[in-house]
2 protein chains.
Amino acid sequence: MNNTINKIVEELKKYSTFLITSHESGDGDSIGSQLALAFMLQKMQKEAIILNKDPVPEMYDFLPGVEKIQNETTRNLADFQVVLILDCGSLDRLGLTIPNQNLFINIDHHLDNDNFGYLNWVMPEMSSTAEMIYLLCKSISLPIDSAIGNNIFTGILTDTGSFRFSNTTSQCLHIAGELVEGGVKPSFIVNKVYERKNYAQLLLLGEALSDLKITEDGKIAYIYLKNEIFQKLEVDISDTEGFVNYPLSIASVKVVLFFKEISKNYFKISFRSKGQINVAAIAEMFNGGGHHNAAGAKVKGNLLPILDKITEVITKQQLY
Amino acid sequence: MNNTINKIVEELKKYSTFLITSHESGDGDSIGSQLALAFMLQKMQKEAIILNKDPVPEMYDFLPGVEKIQNETTRNLADFQVVLILDCGSLDRLGLTIPNQNLFINIDHHLDNDNFGYLNWVMPEMSSTAEMIYLLCKSISLPIDSAIGNNIFTGILTDTGSFRFSNTTSQCLHIAGELVEGGVKPSFIVNKVYERKNYAQLLLLGEALSDLKITEDGKIAYIYLKNEIFQKLEVDISDTEGFVNYPLSIASVKVVLFFKEISKNYFKISFRSKGQINVAAIAEMFNGGGHHNAAGAKVKGNLLPILDKITEVITKQQLY
């Protein structure tokens with residue numbers, strides 16, 4: 001690790017123009033990491049722009065420097081000497097085409113990262129990419145100001161599920177402690193990220209949970225939100241963020257399926273699992289994908305046959 | 001602080017028999033703190049028993065040493081030389097009568113603690129009483145083993161709402177980091193505390209939220225669960241733990257009222273607020289009580305007049 005991080009520090013010092021990017025559908029870690037790194041490069045008197053496929057979700061609109069994130073640019077991307085790709089396991093997850101004559105530096109904590117870069121600093125033992133950006137900041141001996149601190153804290157907070165997931169390490173807690181010492185207010189960030197729901201979103205959560213179904217053995221739970229309810233409450237699929245995790249809090253439940261009817265007989269399905277069950281494999285059967293415990297797919301057809309097929313696969317493969 | 005903590009250390013060393021207790025309706029901090037302290041006294045070769053008014057809630061049944069907590073005893077309480085009262089603002093919150101010929105040591109982080117002890121170590125700047133027990137453990141130079149570590153971590157975790165509330169300090173994050181270094185697994189504790197719900201509890205949450213009401217100005221939200229729904233789902237009031245916090249995540253909401261119909265026209269009401277609004281004052285009007293942002297009362301009558309009275313008080317007093 002020290003070797004790679006030192007090489008990255010050298011490149012950051014050596015070159016002068018940087019393009020920062022990350023995976024599509026940005027989250028707290030990808031956005032926080034990119035912004036923290038942009039502020040660091042700014043302190044180093046470098047030119048850096050951030051280009052992302054998707055706009056920043058509203059819950060992250062408070063992050064210092066968020067206005068730096070562009071979704072299109074008139075600049076010639078080939079002009080940037082170095083492309084810094086954060087929190088992204090493979091180039092096809094960028095959702096953008098970046099000319100590859102430049103130096104690609106790959107900074108990521110995902111286990112399945114395919115080492116696409118000229119330099120690859122990939123550390124699955126890190127809670128988040130933000131934690132790695134913190135280490136990078138320390139290696140360059142840059143002071144962590146409020147802008148950098150708030151962005152790093154948000155990355156760690158959101159990728160550890162508020163210090164609840166199994167990636168909550170001693171190191172990330174100590175870093176969080178240091179950031180709070182430096183002035184970061186956890187309750188401020190938590191309020192912005194998690195407590196800006198609207199009335200309709202809570203009604204929608206109520207609809208989802210009051211009609212929650214569970215198999216007889218208690219192991220598979222599923223939520224089905226019809227298109228009508230989205231219409232009725234004037235909400236859309238983005239308002240269901242986090243719903244799929246609720247049934248996982250039931251002790252017996254091992255797999256959660258969340259069907260969102262986008263239009264008549266067309267579903268977006270989110271999969272979640274606990275422990276051994278690999279939902280990415282199930283999602284792939286429907287041309288979807290994801291991680292071991294969290295995946296997704298889009299499927300056409302009637303709900304019941306789709307549901308039957310999925311539960312059959314889970315049961316047949318003796319996935320639990 | 002150093003003076004008081006040193007005096008407490010002296011007394012723990014000097015005496016040999018200890019009674020540990022805390023407030024009624026134990027929570028993660030009161031239970032974790034008491035157990036950690038009992039293990040510390042055990043290491044010091046002292047005799048200690050824990051006596052609490054109420055049984056330990058199921059969500060804390062995994063805590064190391066939980067079997068030490070008694071709800072009754074044949075022992076003569078006057079025989080214990082020292083009574084250690086943790087996380088408890090006043091003696092009437094114990095729900096127990098303790099003979100007061102013994103030395104009372106009061107260890108607490110509540111602002112409104114009335115200093116009832118012979119020694120009073122009250123530090124509102126601490127995240128939790130568990131954090132104070134950690135400091136005490138360090139002062140006695142006792143090693144923090146797995147039993148002590150898991151209990152302290154649980155106290156900090158639950159009293160900071162998983163490192164989300166405004167009492168999440170740099171120090172408590174560093175302590176959490178040190179405990180994880182020592183072997184505590186946050187995801188294990190989180191699973192035990194927060195992820196052992198049952199199916200009916202999620203259906204009940206669905207019922208509560210799908211029927212959530214909100215005032216026109218968006219500031220007061222209320223949930224009303226009828227007695228029938230408790231019967232239908234075969235759940236009781238203890239299964240509504242945490243529900244009252246959901247509407248607080250709506251940006252506009254300043255006060256939440258949660259009506260649980262215990263029996264025909266008899267309600268348990270929970271109050272929550274954000275910021276300036278003092279719901280303890282509202283609860284007191286109905287012979288209830290509590291804290292500034294969290295309070296409760298039991299009320300007889302019809303729902304609508306009760307609701308009108310409360311909203312009138314909130315509006316009239318220009319509490320927002």
# chains A, B, ... in the order shown; residues from 1 in each chain; ligands from 1
>>> closest_atom_pairs(of="chain A", to="chain B", cutoff="7 Å", atoms="only C-alpha atoms", output="JSON lines")
{"residue": "A:Ser162", "atom": "CA", "partner": "B:Ser162", "partner_atom": "CA", "distance": 6.4}
{"residue": "A:Phe163", "atom": "CA", "partner": "B:Ser162", "partner_atom": "CA", "distance": 6.8}
{"residue": "A:Arg164", "atom": "CA", "partner": "B:Ser187", "partner_atom": "CA", "distance": 5.4}
{"residue": "A:Phe165", "atom": "CA", "partner": "B:Ser187", "partner_atom": "CA", "distance": 5.2}
{"residue": "A:Ser166", "atom": "CA", "partner": "B:Ser187", "partner_atom": "CA", "distance": 5.0}
{"residue": "A:Thr168", "atom": "CA", "partner": "B:Pro186", "partner_atom": "CA", "distance": 6.8}
{"residue": "A:Thr169", "atom": "CA", "partner": "B:Val180", "partner_atom": "CA", "distance": 6.7}
{"residue": "A:Ser170", "atom": "CA", "partner": "B:Gly177", "partner_atom": "CA", "distance": 4.1}
{"residue": "A:Gln171", "atom": "CA", "partner": "B:Gly177", "partner_atom": "CA", "distance": 6.6}
{"residue": "A:Leu173", "atom": "CA", "partner": "B:Gly177", "partner_atom": "CA", "distance": 4.8}
{"residue": "A:His174", "atom": "CA", "partner": "B:His174", "partner_atom": "CA", "distance": 4.9}
{"residue": "A:Ala176", "atom": "CA", "partner": "B:Leu173", "partner_atom": "CA", "distance": 6.7}
{"residue": "A:Gly177", "atom": "CA", "partner": "B:Ser170", "partner_atom": "CA", "distance": 4.1}
{"residue": "A:Glu178", "atom": "CA", "partner": "B:Ser170", "partner_atom": "CA", "distance": 6.4}
{"residue": "A:Val180", "atom": "CA", "partner": "B:Ser170", "partner_atom": "CA", "distance": 5.1}
{"residue": "A:Glu181", "atom": "CA", "partner": "B:Ser170", "partner_atom": "CA", "distance": 5.3}
{"residue": "A:Pro186", "atom": "CA", "partner": "B:Arg164", "partner_atom": "CA", "distance": 6.1}
{"residue": "A:Ser187", "atom": "CA", "partner": "B:Ser166", "partner_atom": "CA", "distance": 4.9}
{"residue": "A:Val190", "atom": "CA", "partner": "B:Arg164", "partner_atom": "CA", "distance": 6.1}
{"residue": "A:Tyr194", "atom": "CA", "partner": "B:Ser249", "partner_atom": "CA", "distance": 7.0}
{"residue": "A:Glu195", "atom": "CA", "partner": "B:Ser249", "partner_atom": "CA", "distance": 4.0}
{"residue": "A:Arg196", "atom": "CA", "partner": "B:Ala251", "partner_atom": "CA", "distance": 4.5}
{"residue": "A:Lys197", "atom": "CA", "partner": "B:Ile250", "partner_atom": "CA", "distance": 4.5}
{"residue": "A:Asn198", "atom": "CA", "partner": "B:Ile250", "partner_atom": "CA", "distance": 4.9}
{"residue": "A:Tyr199", "atom": "CA", "partner": "B:Ile250", "partner_atom": "CA", "distance": 6.2}
{"residue": "A:Leu202", "atom": "CA", "partner": "B:Leu209", "partner_atom": "CA", "distance": 6.2}
{"residue": "A:Leu203", "atom": "CA", "partner": "B:Ser210", "partner_atom": "CA", "distance": 4.7}
{"residue": "A:Leu204", "atom": "CA", "partner": "B:Ser210", "partner_atom": "CA", "distance": 6.9}
{"residue": "A:Leu205", "atom": "CA", "partner": "B:Gly206", "partner_atom": "CA", "distance": 6.9}
{"residue": "A:Gly206", "atom": "CA", "partner": "B:Ser210", "partner_atom": "CA", "distance": 3.9}
{"residue": "A:Glu207", "atom": "CA", "partner": "B:Ser210", "partner_atom": "CA", "distance": 5.4}
{"residue": "A:Ala208", "atom": "CA", "partner": "B:Gly206", "partner_atom": "CA", "distance": 6.9}
{"residue": "A:Leu209", "atom": "CA", "partner": "B:Gly206", "partner_atom": "CA", "distance": 4.3}
{"residue": "A:Ser210", "atom": "CA", "partner": "B:Gly206", "partner_atom": "CA", "distance": 3.8}
{"residue": "A:Leu212", "atom": "CA", "partner": "B:Leu203", "partner_atom": "CA", "distance": 6.8}
{"residue": "A:Ser249", "atom": "CA", "partner": "B:Glu195", "partner_atom": "CA", "distance": 3.9}
{"residue": "A:Ile250", "atom": "CA", "partner": "B:Lys197", "partner_atom": "CA", "distance": 4.5}
{"residue": "A:Ala251", "atom": "CA", "partner": "B:Arg196", "partner_atom": "CA", "distance": 4.5}
>>> write_last_selection(atoms="C-alpha atoms", output="compact mmCIF listing (two decimals), in the first residue's frame")
# COMPACT_ATOMS: atom_id res chain seq x y z
CA SER A 162 -23.81 5.05 10.14
CA PHE A 163 -21.08 2.85 11.67
CA ARG A 164 -23.30 -0.24 11.66
CA PHE A 165 -22.03 -2.48 8.87
CA SER A 166 -19.26 -5.04 9.19
CA THR A 168 -16.88 -0.42 10.53
CA THR A 169 -13.25 -0.67 11.55
CA SER A 170 -11.30 0.76 14.41
CA GLN A 171 -9.44 2.99 11.94
CA LEU A 173 -13.96 5.27 13.90
CA HIS A 174 -10.69 6.97 14.90
CA ALA A 176 -14.32 10.00 12.33
CA GLY A 177 -13.26 11.03 15.84
CA GLU A 178 -10.44 13.15 14.45
CA VAL A 180 -15.24 15.68 14.67
CA GLU A 181 -12.34 17.12 16.67
CA PRO A 186 -22.17 14.38 12.80
CA SER A 187 -25.74 15.41 13.65
CA VAL A 190 -27.02 13.02 9.50
CA TYR A 194 -31.17 11.05 6.39
CA GLU A 195 -33.71 13.50 7.79
CA ARG A 196 -34.96 15.48 4.84
CA LYS A 197 -37.77 13.18 3.81
CA ASN A 198 -41.17 14.44 2.84
CA TYR A 199 -44.61 13.36 3.98
CA LEU A 202 -43.23 8.16 4.75
CA LEU A 203 -46.71 7.30 3.48
CA LEU A 204 -45.04 5.27 0.72
CA LEU A 205 -42.89 3.45 3.30
CA GLY A 206 -46.10 2.75 5.21
CA GLU A 207 -47.71 1.28 2.08
CA ALA A 208 -44.63 -0.85 1.41
CA LEU A 209 -44.44 -2.27 4.93
CA SER A 210 -48.14 -2.69 5.70
CA LEU A 212 -45.00 -6.82 3.30
CA SER A 249 -34.25 -6.35 10.29
CA ILE A 250 -36.58 -9.35 10.73
CA ALA A 251 -34.50 -12.03 12.46
>>> residues_around(residues="region 3-6 of chain A", least_positions_apart="3", cutoff="7 Å", atoms="only C-alpha atoms", output="number ranges by chain")
A: 9-10, 121, 136
>>> write_last_selection(atoms="C-alpha atoms", output="PDB file, in the first residue's frame")
ATOM      1  CA  VAL A   9       1.334  11.390  -4.276  1.00  0.00           C
ATOM      2  CA  GLU A  10       4.230  11.767  -6.742  1.00  0.00           C
ATOM      3  CA  TRP A 121      -4.685   1.505  -5.227  1.00  0.00           C
ATOM      4  CA  LEU A 136      -3.905  10.302   0.856  1.00  0.00           C
TER       5      LEU A 136
END
>>> residues_around(residues="region 257-274 of chain B", least_positions_apart="6", cutoff="6 Å", atoms="only C-alpha atoms", output="PDB file with C-alpha atoms, in the first residue's frame")
ATOM      1  CA  TYR B 222     -49.272  12.369  14.477  1.00  0.00           C
ATOM      2  CA  ILE B 223     -49.637   8.623  14.450  1.00  0.00           C
ATOM      3  CA  TYR B 224     -52.658   6.879  15.909  1.00  0.00           C
ATOM      4  CA  LEU B 225     -52.640   3.126  16.485  1.00  0.00           C
ATOM      5  CA  LYS B 226     -55.999   1.735  17.545  1.00  0.00           C
ATOM      6  CA  ASN B 227     -56.301  -1.048  20.052  1.00  0.00           C
ATOM      7  CA  VAL B 244     -42.308   7.916  16.994  1.00  0.00           C
ATOM      8  CA  ASN B 293     -37.286  16.735  23.057  1.00  0.00           C
ATOM      9  CA  ALA B 294     -38.809  13.440  24.237  1.00  0.00           C
ATOM     10  CA  ALA B 295     -41.682  12.977  26.668  1.00  0.00           C
ATOM     11  CA  GLY B 296     -44.747  10.880  27.373  1.00  0.00           C
ATOM     12  CA  ALA B 297     -48.115  10.801  29.120  1.00  0.00           C
ATOM     13  CA  LYS B 298     -51.149   8.572  29.639  1.00  0.00           C
ATOM     14  CA  VAL B 299     -54.494  10.175  28.905  1.00  0.00           C
ATOM     15  CA  LYS B 300     -58.162   9.149  29.174  1.00  0.00           C
ATOM     16  CA  GLY B 301     -60.733  10.510  26.760  1.00  0.00           C
ATOM     17  CA  ASN B 302     -61.604  10.767  23.104  1.00  0.00           C
TER      18      ASN B 302
END
>>> select_by_dssp(residues="region 47-261 of chain A", states="alpha helix (DSSP H)", output="number ranges by chain")
A: 129-139, 146-159, 170-181, 186-194, 199-210, 227-233
>>> closest_atom_pairs(of="region 93-191 of chain A", to="region 37-49 of chain A", cutoff="10 Å", atoms="only C-alpha atoms", output="Markdown table")
| residue | atom | partner | partner_atom | distance |
| --- | --- | --- | --- | --- |
| A:Ala130 | CA | A:Leu37 | CA | 9.1 |
| A:Ile133 | CA | A:Leu37 | CA | 6.7 |
| A:Tyr134 | CA | A:Leu37 | CA | 9.0 |
| A:Leu136 | CA | A:Leu37 | CA | 8.9 |
| A:Cys137 | CA | A:Met40 | CA | 7.1 |
| A:Ile140 | CA | A:Met40 | CA | 9.0 |
| A:Leu142 | CA | A:Met40 | CA | 7.2 |
| A:Pro143 | CA | A:Met40 | CA | 8.9 |
| A:Ile144 | CA | A:Met40 | CA | 8.7 |
| A:Asp145 | CA | A:Phe39 | CA | 9.3 |
| A:Ala147 | CA | A:Phe39 | CA | 7.4 |
| A:Ile148 | CA | A:Phe39 | CA | 6.5 |
| A:Asn151 | CA | A:Leu37 | CA | 9.3 |
| A:Ile152 | CA | A:Leu37 | CA | 9.4 |
>>> closest_residue(among="B:Met132, B:Val56, B:Ile50, B:Val235", to="Ile156 (chain B)", atoms="only C-alpha atoms")
B:Met132
>>> atom_distance(atom1="CA of Gly28 (chain B)", atom2="CA of Gly288 (chain B)")
22.9 Å
>>> residues_around(residues="Arg93 (chain B)", least_positions_apart="6", cutoff="12 Å", atoms="only C-alpha atoms", output="mmCIF file with N, CA and C atoms, in the first residue's frame")
data_model
loop_
_atom_site.group_PDB
_atom_site.id
_atom_site.type_symbol
_atom_site.label_atom_id
_atom_site.label_comp_id
_atom_site.auth_asym_id
_atom_site.auth_seq_id
_atom_site.Cartn_x
_atom_site.Cartn_y
_atom_site.Cartn_z
ATOM 1 N N THR B 21 -27.370 -0.021 40.560
ATOM 2 C CA THR B 21 -28.731 0.110 40.052
ATOM 3 C C THR B 21 -28.829 1.274 39.054
ATOM 4 N N SER B 22 -30.003 1.410 38.473
ATOM 5 C CA SER B 22 -30.214 2.465 37.463
ATOM 6 C C SER B 22 -31.704 2.747 37.341
ATOM 7 N N HIS B 23 -32.062 3.590 36.370
ATOM 8 C CA HIS B 23 -33.467 3.981 36.209
ATOM 9 C C HIS B 23 -34.355 2.823 35.747
ATOM 10 N N GLU B 24 -35.650 2.953 36.025
ATOM 11 C CA GLU B 24 -36.596 1.936 35.553
ATOM 12 C C GLU B 24 -36.660 1.966 34.026
ATOM 13 N N SER B 25 -37.293 0.947 33.416
ATOM 14 C CA SER B 25 -37.326 0.822 31.949
ATOM 15 C C SER B 25 -35.922 0.965 31.372
ATOM 16 N N GLY B 26 -35.070 0.025 31.735
ATOM 17 C CA GLY B 26 -33.666 0.069 31.328
ATOM 18 C C GLY B 26 -33.473 0.187 29.824
ATOM 19 N N ASN B 52 -32.463 -4.077 39.420
ATOM 20 C CA ASN B 52 -33.233 -3.124 38.595
ATOM 21 C C ASN B 52 -34.720 -3.366 38.782
ATOM 22 N N LYS B 53 -35.508 -2.339 38.654
ATOM 23 C CA LYS B 53 -36.956 -2.524 38.771
ATOM 24 C C LYS B 53 -37.478 -3.439 37.656
ATOM 25 N N ASP B 54 -37.054 -3.151 36.403
ATOM 26 C CA ASP B 54 -37.669 -3.851 35.266
ATOM 27 C C ASP B 54 -36.741 -4.891 34.644
ATOM 28 N N ILE B 85 -25.328 4.315 41.605
ATOM 29 C CA ILE B 85 -26.542 4.601 40.829
ATOM 30 C C ILE B 85 -26.133 5.241 39.508
ATOM 31 N N LEU B 86 -26.406 4.521 38.425
ATOM 32 C CA LEU B 86 -25.912 4.940 37.110
ATOM 33 C C LEU B 86 -27.023 5.459 36.212
ATOM 34 N N ASP B 87 -26.693 6.484 35.421
ATOM 35 C CA ASP B 87 -27.566 6.942 34.337
ATOM 36 C C ASP B 87 -28.943 7.344 34.837
ATOM 37 N N ASN B 113 -29.742 16.085 36.280
ATOM 38 C CA ASN B 113 -29.447 15.263 37.464
ATOM 39 C C ASN B 113 -29.486 16.136 38.717
ATOM 40 N N ASP B 114 -30.172 15.639 39.762
ATOM 41 C CA ASP B 114 -30.346 16.507 40.942
ATOM 42 C C ASP B 114 -29.313 16.252 42.049
ATOM 43 N N PHE B 116 -28.178 13.772 43.944
ATOM 44 C CA PHE B 116 -28.714 13.140 45.145
ATOM 45 C C PHE B 116 -27.671 12.355 45.933
ATOM 46 N N GLY B 289 -44.432 13.451 31.683
ATOM 47 C CA GLY B 289 -43.159 14.142 31.864
ATOM 48 C C GLY B 289 -42.117 13.637 30.897
ATOM 49 N N GLY B 290 -40.898 14.078 31.101
ATOM 50 C CA GLY B 290 -39.818 13.602 30.234
ATOM 51 C C GLY B 290 -38.767 14.657 30.015
#
>>> select_by_dssp(residues="region 164-220 of chain A", states="strand (DSSP E or B)", output="PDB file with N, CA and C atoms, in the first residue's frame")
ATOM      1  N   LYS A 197     -36.705  13.843   4.550  1.00  0.00           N
ATOM      2  CA  LYS A 197     -37.768  13.175   3.814  1.00  0.00           C
ATOM      3  C   LYS A 197     -38.974  14.099   3.705  1.00  0.00           C
ATOM      4  N   LYS A 213     -44.843  -9.098   2.439  1.00  0.00           N
ATOM      5  CA  LYS A 213     -45.152 -10.535   2.421  1.00  0.00           C
ATOM      6  C   LYS A 213     -43.902 -11.312   2.826  1.00  0.00           C
ATOM      7  N   ILE A 214     -44.144 -12.494   3.337  1.00  0.00           N
ATOM      8  CA  ILE A 214     -43.031 -13.303   3.822  1.00  0.00           C
ATOM      9  C   ILE A 214     -43.359 -14.769   3.562  1.00  0.00           C
ATOM     10  N   ILE A 220     -37.731 -15.609   3.098  1.00  0.00           N
ATOM     11  CA  ILE A 220     -37.766 -14.661   1.988  1.00  0.00           C
ATOM     12  C   ILE A 220     -38.904 -13.660   2.211  1.00  0.00           C
TER      13      ILE A 220
END
>>> atom_distance(atom1="CA of Ile105 (chain B)", atom2="CA of Pro57 (chain B)")
25.3 Å
